[in-house]
Amino acid sequence: MNRLAPKHPRAIRWMHWFNVPLLTIMIWSGLLIYWANDEYAIRAGDATLFHFFPNGFYRALDLEHSLAIGMAYHFTFMWFFAINGLCYVLYTFISGEWRHLLPNRRTPREAWQVVLHDLGLHKEPPPPAKYNGAQRLAYTGVILMGVGSLATGLSVFKPTQLAWLTDLLGGYSLARAEHFALTIGYVLFFLVHITQVLRAGWNNFLAMVTGYEFMSVEVKSHA
Amino acid sequence: MPEPKVVPPLTGAAAEQWSRRLTRRSFATGAVAALAGLSAWRWLTTADRDEGVPWPLRRVLRFNEKLAEGLGSPRGLAPTFPPERVRGEPRTNGTIGLDGAVDGADWSVRVEHESRRAVAAQSIRLQEIQQCPRFDLITELKCIEGWSEVMHLGGVSFLDFVTHFRLATRSGRAPDPAGNPADLYRYVYLATPDESYYVGLDMASALHPQTMLCDMMNWQPLTRTHGAPLRLYVAVKYGIKSLKRIGLIRFQDERPPDYWANRGYDWYAGL
């Protein structure tokens, strides 16, 4: 039988959904800036396998010749992105939600099981819990990526004033590359996240909207 | 997304019904929030332009500037590097205001002070400027486009220049930023001889110990495309402020115009 149970606290739902437009605006304005010096590519020896990004990509999304406006948006919305992320971290610690989110001793093994299960190589599903091992790694990892984006972003934004930070991250041009790589990381995270949400179904998705989820509980036999 | 005020029924048809109502209300809240967000975005993107960008963004950029200044931006030194880090020819970018040949031997810079009576305008010959103590700097130039390059710059420090020629002050005495800051003009305006490229600097950035007038890059005399015979280098700003081929230097209290700021870029452009 099904039992309706609270899942995601209201604060987490709001911050989760706030982050959708914020991250979108940060990535969009970041692309406006990146276009002005689009130097990154995946290379094998002398051959370029993929250039970030093909001209058609910029043209299709109207990202060309907009460095100044891109910087204006990026250096405005960085505040909202940072504040939302900071509130999320504070909330998870104060509310105790972190217990569900941070990896623990069982996490690596469980995460591996989840990967095998999702690829259809392993029959047994992970033990029922709010977040399985793979989720714990993913949701903790993406927060660390957020911290990384703030650190690399600040070090590129103020490389003289925060020279110690820029140094720590390997210098100005490396910090810029790291900032870019993290952004690609968000896009990959997003693709996996959407796939998994689609796989998990409507009831699971609804929990991030309403806060409640129907959980299946084993029916106890009546004496 | 409304939360229940009472403990919801947990199982059975009552739970199903309660869940449906909660779902409807949550999606309605979500839709209102999404619409509010969209109208806020529309408002922002269509807001009146202030120096080329929507005014709320300009406000935040000014706030960022104040915050950076409050944290001591113009006083910190940009990192310096050993000579081995300099590779080959310095990268060139931008040739606005560099049309035509220049005669380095006969070059002079026009210097003006806003409403200074005694000397309204003067001409200082390049050869006189080169009498100031030599100053060398190996640092990383950061272009606003996103590339950076470690390069050597040789010339004289701007502070030595204004001290030697008693510039930048209302009184006509040598500047004393610590002892008599009120004697300093607030800003410097520099331009190419034809004024097709021009930059504005606050006085603190202009007198920063790494701001300099250069006649050498990577231990070679300046080339035309790097701004021969004399260019500016401002370590605490993006490269857009490092004017090439200096023809005019004006000290004034009003914030000067700036070529790229007139095209939507941040006037401050501080690093």
# chains A, B, ... in the order shown; residues from 1 in each chain; ligands from 1
$ residues_around --residues "stretch 30-39 of chain A" --least-positions-apart "4" --cutoff "6 Å" --atoms "only C-alpha atoms" --output "ChimeraX atom specification"
/A:26,63,66-67,70 /B:145-146
$ interface_residues --of "chain B" --to "chain A" --cutoff "7 Å" --atoms "only C-alpha atoms" --output "list in words"
Met1, Leu10, Thr11, Ala15, Leu22, Thr23, Ser26, Val53, Leu57, Val60, Leu61, Ser73, Gly76, Leu77, Ala78, Pro79, Glu145, Gly146, Trp147, Ser148, Val236, Gly264, Tyr265 and Leu271 of chain B
$ write_last_selection --atoms "C-alpha atoms" --output "compact mmCIF listing (two decimals), in the first residue's frame"
# COMPACT_ATOMS: atom_id res chain seq x y z
CA MET B 1 3.99 25.81 -2.43
CA LEU B 10 -1.51 9.35 5.32
CA THR B 11 -3.16 6.51 3.48
CA ALA B 15 -4.57 10.80 1.15
CA LEU B 22 -1.82 19.97 -2.61
CA THR B 23 -0.52 19.36 -6.13
CA SER B 26 1.66 23.88 -5.47
CA VAL B 53 23.40 48.49 -20.03
CA LEU B 57 22.87 46.23 -13.75
CA VAL B 60 25.18 46.67 -9.21
CA LEU B 61 28.43 47.26 -11.15
CA SER B 73 41.83 47.57 -4.72
CA GLY B 76 47.47 46.11 -3.79
CA LEU B 77 50.22 45.13 -6.19
CA ALA B 78 49.63 42.94 -9.21
CA PRO B 79 51.75 39.76 -9.14
CA GLU B 145 38.31 39.62 -23.86
CA GLY B 146 39.65 36.91 -21.54
CA TRP B 147 43.22 36.25 -22.64
CA SER B 148 46.25 37.10 -20.58
CA VAL B 236 45.34 47.20 -11.80
CA GLY B 264 28.77 49.56 -22.53
CA TYR B 265 31.85 48.35 -20.67
CA LEU B 271 41.13 43.88 -11.32
$ select_by_dssp --residues "stretch 30-217 of chain A" --states "strand (DSSP E)" --output "list of chain:residue names"
A:Ala41, A:Ile42, A:Arg43, A:Ala44, A:Ala47, A:Thr48, A:Leu49, A:Phe50, A:His51, A:Tyr212, A:Glu213, A:Phe214, A:Met215, A:Ser216
$ write_last_selection --atoms "N, CA and C atoms" --output "PDB file, in the first residue's frame"
ATOM      1  N   ALA A  41      39.251  23.729 -26.273  1.00  0.00           N
ATOM      2  CA  ALA A  41      38.885  22.659 -27.196  1.00  0.00           C
ATOM      3  C   ALA A  41      39.341  21.344 -26.597  1.00  0.00           C
ATOM      4  N   ILE A  42      38.737  20.269 -27.053  1.00  0.00           N
ATOM      5  CA  ILE A  42      39.253  18.944 -26.708  1.00  0.00           C
ATOM      6  C   ILE A  42      40.198  18.553 -27.828  1.00  0.00           C
ATOM      7  N   ARG A  43      41.458  18.345 -27.469  1.00  0.00           N
ATOM      8  CA  ARG A  43      42.468  18.069 -28.487  1.00  0.00           C
ATOM      9  C   ARG A  43      43.107  16.717 -28.235  1.00  0.00           C
ATOM     10  N   ALA A  44      43.490  16.071 -29.328  1.00  0.00           N
ATOM     11  CA  ALA A  44      44.303  14.854 -29.240  1.00  0.00           C
ATOM     12  C   ALA A  44      45.521  15.114 -30.117  1.00  0.00           C
ATOM     13  N   ALA A  47      45.301  17.382 -33.371  1.00  0.00           N
ATOM     14  CA  ALA A  47      43.947  17.392 -33.922  1.00  0.00           C
ATOM     15  C   ALA A  47      42.962  17.958 -32.897  1.00  0.00           C
ATOM     16  N   THR A  48      42.066  18.789 -33.381  1.00  0.00           N
ATOM     17  CA  THR A  48      41.010  19.316 -32.525  1.00  0.00           C
ATOM     18  C   THR A  48      39.780  18.439 -32.690  1.00  0.00           C
ATOM     19  N   LEU A  49      39.393  17.772 -31.597  1.00  0.00           N
ATOM     20  CA  LEU A  49      38.226  16.876 -31.671  1.00  0.00           C
ATOM     21  C   LEU A  49      36.932  17.664 -31.533  1.00  0.00           C
ATOM     22  N   PHE A  50      36.942  18.616 -30.598  1.00  0.00           N
ATOM     23  CA  PHE A  50      35.752  19.450 -30.430  1.00  0.00           C
ATOM     24  C   PHE A  50      36.163  20.819 -29.959  1.00  0.00           C
ATOM     25  N   HIS A  51      35.693  21.837 -30.660  1.00  0.00           N
ATOM     26  CA  HIS A  51      36.010  23.204 -30.262  1.00  0.00           C
ATOM     27  C   HIS A  51      34.827  23.798 -29.514  1.00  0.00           C
ATOM     28  N   TYR A 212       5.603  16.457  -0.794  1.00  0.00           N
ATOM     29  CA  TYR A 212       5.136  15.139  -0.324  1.00  0.00           C
ATOM     30  C   TYR A 212       5.307  14.078  -1.402  1.00  0.00           C
ATOM     31  N   GLU A 213       5.439  12.846  -0.935  1.00  0.00           N
ATOM     32  CA  GLU A 213       5.608  11.745  -1.877  1.00  0.00           C
ATOM     33  C   GLU A 213       4.868  10.521  -1.338  1.00  0.00           C
ATOM     34  N   PHE A 214       4.275   9.778  -2.267  1.00  0.00           N
ATOM     35  CA  PHE A 214       3.702   8.491  -1.867  1.00  0.00           C
ATOM     36  C   PHE A 214       4.814   7.469  -1.793  1.00  0.00           C
ATOM     37  N   MET A 215       4.989   6.888  -0.618  1.00  0.00           N
ATOM     38  CA  MET A 215       6.009   5.861  -0.449  1.00  0.00           C
ATOM     39  C   MET A 215       5.304   4.529  -0.345  1.00  0.00           C
ATOM     40  N   SER A 216       5.859   3.505  -1.004  1.00  0.00           N
ATOM     41  CA  SER A 216       5.252   2.193  -0.837  1.00  0.00           C
ATOM     42  C   SER A 216       5.795   1.585   0.444  1.00  0.00           C
TER      43      SER A 216
END
$ residues_around --residues "A:Val89" --least-positions-apart "2" --cutoff "12 Å" --atoms "only C-alpha atoms" --output "PyMOL selection string"
chain A and resi 11-12+15-16+82-87+91-98+101-102+139-140+142-144+146-147
$ write_last_selection --atoms "N, CA and C atoms" --output "PDB file, in the first residue's frame"
ATOM      1  N   ALA A  11      11.889  25.083   2.193  1.00  0.00           N
ATOM      2  CA  ALA A  11      13.046  25.939   1.882  1.00  0.00           C
ATOM      3  C   ALA A  11      13.887  25.311   0.764  1.00  0.00           C
ATOM      4  N   ILE A  12      14.088  24.019   0.852  1.00  0.00           N
ATOM      5  CA  ILE A  12      14.915  23.348  -0.155  1.00  0.00           C
ATOM      6  C   ILE A  12      14.235  23.397  -1.509  1.00  0.00           C
ATOM      7  N   MET A  15      14.656  26.960  -2.929  1.00  0.00           N
ATOM      8  CA  MET A  15      16.038  27.247  -3.339  1.00  0.00           C
ATOM      9  C   MET A  15      16.408  26.426  -4.573  1.00  0.00           C
ATOM     10  N   HIS A  16      15.893  25.188  -4.633  1.00  0.00           N
ATOM     11  CA  HIS A  16      16.141  24.347  -5.803  1.00  0.00           C
ATOM     12  C   HIS A  16      15.596  25.001  -7.065  1.00  0.00           C
ATOM     13  N   ALA A  82      25.292  33.201  -5.629  1.00  0.00           N
ATOM     14  CA  ALA A  82      26.089  32.925  -4.434  1.00  0.00           C
ATOM     15  C   ALA A  82      25.209  32.912  -3.186  1.00  0.00           C
ATOM     16  N   ILE A  83      24.285  33.889  -3.098  1.00  0.00           N
ATOM     17  CA  ILE A  83      23.442  33.987  -1.899  1.00  0.00           C
ATOM     18  C   ILE A  83      22.517  32.778  -1.800  1.00  0.00           C
ATOM     19  N   ASN A  84      21.934  32.382  -2.934  1.00  0.00           N
ATOM     20  CA  ASN A  84      21.048  31.213  -2.927  1.00  0.00           C
ATOM     21  C   ASN A  84      21.809  29.963  -2.501  1.00  0.00           C
ATOM     22  N   GLY A  85      23.011  29.792  -3.028  1.00  0.00           N
ATOM     23  CA  GLY A  85      23.827  28.630  -2.683  1.00  0.00           C
ATOM     24  C   GLY A  85      24.221  28.628  -1.215  1.00  0.00           C
ATOM     25  N   LEU A  86      24.577  29.818  -0.726  1.00  0.00           N
ATOM     26  CA  LEU A  86      24.974  29.940   0.670  1.00  0.00           C
ATOM     27  C   LEU A  86      23.797  29.616   1.594  1.00  0.00           C
ATOM     28  N   CYS A  87      22.611  30.127   1.243  1.00  0.00           N
ATOM     29  CA  CYS A  87      21.413  29.844   2.045  1.00  0.00           C
ATOM     30  C   CYS A  87      21.138  28.343   2.074  1.00  0.00           C
ATOM     31  N   TYR A  91      21.067  26.182   5.339  1.00  0.00           N
ATOM     32  CA  TYR A  91      19.820  25.510   5.701  1.00  0.00           C
ATOM     33  C   TYR A  91      20.039  24.014   5.931  1.00  0.00           C
ATOM     34  N   THR A  92      20.772  23.380   5.033  1.00  0.00           N
ATOM     35  CA  THR A  92      20.969  21.935   5.194  1.00  0.00           C
ATOM     36  C   THR A  92      21.692  21.631   6.501  1.00  0.00           C
ATOM     37  N   PHE A  93      22.591  22.530   6.907  1.00  0.00           N
ATOM     38  CA  PHE A  93      23.302  22.272   8.164  1.00  0.00           C
ATOM     39  C   PHE A  93      22.421  22.525   9.368  1.00  0.00           C
ATOM     40  N   ILE A  94      21.688  23.638   9.340  1.00  0.00           N
ATOM     41  CA  ILE A  94      20.870  23.987  10.506  1.00  0.00           C
ATOM     42  C   ILE A  94      19.713  22.999  10.670  1.00  0.00           C
ATOM     43  N   SER A  95      19.102  22.605   9.551  1.00  0.00           N
ATOM     44  CA  SER A  95      17.926  21.747   9.642  1.00  0.00           C
ATOM     45  C   SER A  95      18.281  20.277   9.882  1.00  0.00           C
ATOM     46  N   GLY A  96      19.524  19.915   9.642  1.00  0.00           N
ATOM     47  CA  GLY A  96      19.905  18.514   9.779  1.00  0.00           C
ATOM     48  C   GLY A  96      19.739  17.724   8.491  1.00  0.00           C
ATOM     49  N   GLU A  97      19.263  18.375   7.427  1.00  0.00           N
ATOM     50  CA  GLU A  97      19.110  17.692   6.133  1.00  0.00           C
ATOM     51  C   GLU A  97      20.430  17.104   5.625  1.00  0.00           C
ATOM     52  N   TRP A  98      21.526  17.698   6.083  1.00  0.00           N
ATOM     53  CA  TRP A  98      22.842  17.235   5.619  1.00  0.00           C
ATOM     54  C   TRP A  98      23.045  15.743   5.887  1.00  0.00           C
ATOM     55  N   LEU A 101      22.268  13.986   2.922  1.00  0.00           N
ATOM     56  CA  LEU A 101      22.936  14.436   1.700  1.00  0.00           C
ATOM     57  C   LEU A 101      24.431  14.134   1.641  1.00  0.00           C
ATOM     58  N   LEU A 102      25.093  14.198   2.788  1.00  0.00           N
ATOM     59  CA  LEU A 102      26.544  13.989   2.752  1.00  0.00           C
ATOM     60  C   LEU A 102      26.863  12.509   2.596  1.00  0.00           C
ATOM     61  N   TYR A 139      24.703  15.147  -5.274  1.00  0.00           N
ATOM     62  CA  TYR A 139      24.196  16.387  -4.678  1.00  0.00           C
ATOM     63  C   TYR A 139      25.236  17.069  -3.798  1.00  0.00           C
ATOM     64  N   THR A 140      26.152  16.293  -3.226  1.00  0.00           N
ATOM     65  CA  THR A 140      27.252  16.920  -2.495  1.00  0.00           C
ATOM     66  C   THR A 140      28.267  17.471  -3.493  1.00  0.00           C
ATOM     67  N   VAL A 142      27.803  18.546  -6.519  1.00  0.00           N
ATOM     68  CA  VAL A 142      27.389  19.746  -7.253  1.00  0.00           C
ATOM     69  C   VAL A 142      27.496  20.984  -6.358  1.00  0.00           C
ATOM     70  N   ILE A 143      27.354  20.792  -5.044  1.00  0.00           N
ATOM     71  CA  ILE A 143      27.562  21.925  -4.122  1.00  0.00           C
ATOM     72  C   ILE A 143      29.040  22.302  -4.089  1.00  0.00           C
ATOM     73  N   LEU A 144      29.916  21.279  -4.079  1.00  0.00           N
ATOM     74  CA  LEU A 144      31.357  21.572  -4.125  1.00  0.00           C
ATOM     75  C   LEU A 144      31.721  22.277  -5.439  1.00  0.00           C
ATOM     76  N   GLY A 146      29.762  24.262  -6.978  1.00  0.00           N
ATOM     77  CA  GLY A 146      29.323  25.647  -6.772  1.00  0.00           C
ATOM     78  C   GLY A 146      30.372  26.447  -6.025  1.00  0.00           C
ATOM     79  N   VAL A 147      30.932  25.838  -4.979  1.00  0.00           N
ATOM     80  CA  VAL A 147      32.010  26.504  -4.231  1.00  0.00           C
ATOM     81  C   VAL A 147      33.187  26.768  -5.180  1.00  0.00           C
TER      82      VAL A 147
END
$ select_by_dssp --residues "stretch 20-258 of chain B" --states "alpha helix (DSSP H)" --output "PyMOL selection string"
chain B and resi 20-45+55-70+126-129+158-164+203-206
$ residues_around --residues "stretch 127-132 of chain A" --least-positions-apart "2" --cutoff "7 Å" --atoms "only C-alpha atoms" --output "PyMOL selection string"
chain A and resi 100-101+125+134-136
$ atom_distance --atom1 "atom CA of B:Thr192" --atom2 "atom CA of B:Ile96"
8.8 Å
$ residues_around --residues "stretch 111-115 of chain B" --least-positions-apart "4" --cutoff "10 Å" --atoms "only C-alpha atoms" --output "list in words"
Val119, Ala120, Ala121, Gln122, Ser123, Ile124, Leu167, Ala168, Thr169, Arg170, Gly172, Tyr185, Val188, Tyr189, Leu190, Gly247, Leu248, Ile249, Arg250, Phe251, Gln252, Asp253 and Glu254 of chain B
$ write_last_selection --atoms "N, CA and C atoms" --output "CSV table (one decimal), in the first residue's frame"
chain,number,residue,atom,x,y,z
B,119,VAL,N,49.7,77.4,-15.5
B,119,VAL,CA,50.0,76.6,-16.7
B,119,VAL,C,48.8,75.9,-17.2
B,120,ALA,N,48.1,76.4,-18.1
B,120,ALA,CA,46.9,75.7,-18.6
B,120,ALA,C,47.2,74.5,-19.4
B,121,ALA,N,48.2,74.7,-20.3
B,121,ALA,CA,48.6,73.5,-21.1
B,121,ALA,C,50.1,73.6,-21.3
B,122,GLN,N,50.7,72.5,-21.3
B,122,GLN,CA,52.2,72.5,-21.6
B,122,GLN,C,52.5,71.3,-22.4
B,123,SER,N,53.7,71.3,-23.0
B,123,SER,CA,54.1,70.3,-23.9
B,123,SER,C,55.3,69.7,-23.2
B,124,ILE,N,55.3,68.4,-23.0
B,124,ILE,CA,56.5,67.7,-22.5
B,124,ILE,C,57.1,66.8,-23.5
B,167,LEU,N,53.0,67.6,-11.7
B,167,LEU,CA,51.7,67.6,-12.4
B,167,LEU,C,50.6,67.0,-11.5
B,168,ALA,N,49.4,67.0,-11.9
B,168,ALA,CA,48.3,66.4,-11.2
B,168,ALA,C,47.8,67.2,-10.0
B,169,THR,N,48.4,68.3,-9.7
B,169,THR,CA,48.0,69.1,-8.5
B,169,THR,C,47.4,70.4,-8.9
B,170,ARG,N,46.6,70.9,-8.0
B,170,ARG,CA,46.0,72.3,-8.3
B,170,ARG,C,47.0,73.4,-8.0
B,172,GLY,N,50.3,73.2,-8.4
B,172,GLY,CA,51.5,73.2,-9.2
B,172,GLY,C,52.7,72.7,-8.5
B,185,TYR,N,44.1,66.5,-8.4
B,185,TYR,CA,42.8,66.3,-9.2
B,185,TYR,C,42.3,64.9,-9.0
B,188,VAL,N,42.4,61.4,-14.2
B,188,VAL,CA,43.3,61.7,-15.4
B,188,VAL,C,42.6,61.2,-16.6
B,189,TYR,N,42.7,62.0,-17.7
B,189,TYR,CA,42.2,61.6,-19.0
B,189,TYR,C,43.4,61.5,-19.9
B,190,LEU,N,43.5,60.4,-20.6
B,190,LEU,CA,44.6,60.3,-21.6
B,190,LEU,C,44.0,59.9,-22.9
B,247,GLY,N,49.0,61.1,-26.6
B,247,GLY,CA,49.2,62.4,-27.2
B,247,GLY,C,48.8,63.5,-26.2
B,248,LEU,N,47.9,63.1,-25.3
B,248,LEU,CA,47.3,64.1,-24.4
B,248,LEU,C,47.1,63.5,-23.0
B,249,ILE,N,47.4,64.3,-22.0
B,249,ILE,CA,47.2,63.9,-20.6
B,249,ILE,C,46.5,65.1,-20.0
B,250,ARG,N,45.3,64.9,-19.4
B,250,ARG,CA,44.6,66.0,-18.8
B,250,ARG,C,44.2,65.6,-17.4
B,251,PHE,N,44.5,66.5,-16.4
B,251,PHE,CA,44.1,66.2,-15.0
B,251,PHE,C,42.8,67.0,-14.8
B,252,GLN,N,41.8,66.4,-14.2
B,252,GLN,CA,40.5,67.1,-14.0
B,252,GLN,C,39.7,66.5,-12.9
B,253,ASP,N,38.7,67.1,-12.4
B,253,ASP,CA,37.9,66.6,-11.3
B,253,ASP,C,36.6,65.9,-11.8
B,254,GLU,N,36.2,66.1,-13.0
B,254,GLU,CA,35.0,65.4,-13.5
B,254,GLU,C,35.5,64.1,-14.1
$ atom_distance --atom1 "atom CA of A:Phe80" --atom2 "atom CA of A:Ala151"
15.4 Å
$ closest_residue --among "A:Trp202, A:Tyr58, A:Phe189, A:Phe81" --to "A:Gly153" --atoms "only C-alpha atoms"
A:Phe81
$ atom_distance --atom1 "atom CA of A:Arg99" --atom2 "atom CA of A:Asn204"
19.8 Å
$ residues_around --residues "B:Asp106" --least-positions-apart "4" --cutoff "12 Å" --atoms "only C-alpha atoms" --output "PyMOL selection string"
chain B and resi 102+123-128+229-230
$ residues_around --residues "B:Arg224" --least-positions-apart "4" --cutoff "10 Å" --atoms "only C-alpha atoms" --output "short mmCIF file (atom, residue, chain, number, x, y, z; two decimals) with N, CA and C atoms, in the first residue's frame"
data_model
loop_
_atom_site.label_atom_id
_atom_site.label_comp_id
_atom_site.auth_asym_id
_atom_site.auth_seq_id
_atom_site.Cartn_x
_atom_site.Cartn_y
_atom_site.Cartn_z
N THR B 95 43.99 48.78 -32.77
CA THR B 95 44.86 49.80 -33.34
C THR B 95 44.10 51.11 -33.54
N LEU B 98 45.86 54.71 -33.98
CA LEU B 98 47.27 54.48 -34.30
C LEU B 98 47.57 54.66 -35.78
N ASP B 99 46.69 55.33 -36.51
CA ASP B 99 46.94 55.53 -37.94
C ASP B 99 48.13 56.45 -38.16
N GLY B 100 48.85 56.20 -39.24
CA GLY B 100 49.95 57.07 -39.62
C GLY B 100 51.22 56.78 -38.86
N ALA B 101 52.33 57.27 -39.38
CA ALA B 101 53.63 57.03 -38.76
C ALA B 101 53.85 58.02 -37.62
N VAL B 102 54.75 57.65 -36.70
CA VAL B 102 55.09 58.56 -35.62
C VAL B 102 56.59 58.81 -35.62
N ALA B 228 53.82 52.91 -30.02
CA ALA B 228 55.00 53.76 -30.09
C ALA B 228 54.59 55.22 -30.31
N PRO B 229 55.32 56.18 -29.77
CA PRO B 229 56.56 55.96 -29.00
C PRO B 229 56.35 55.83 -27.49
N LEU B 230 55.15 56.12 -27.01
CA LEU B 230 54.92 56.09 -25.56
C LEU B 230 53.50 55.63 -25.28
N LYS B 244 47.47 53.39 -25.89
CA LYS B 244 48.66 53.42 -26.73
C LYS B 244 48.85 54.82 -27.32
N ARG B 245 50.06 55.12 -27.73
CA ARG B 245 50.40 56.38 -28.40
C ARG B 245 49.79 57.59 -27.68
#
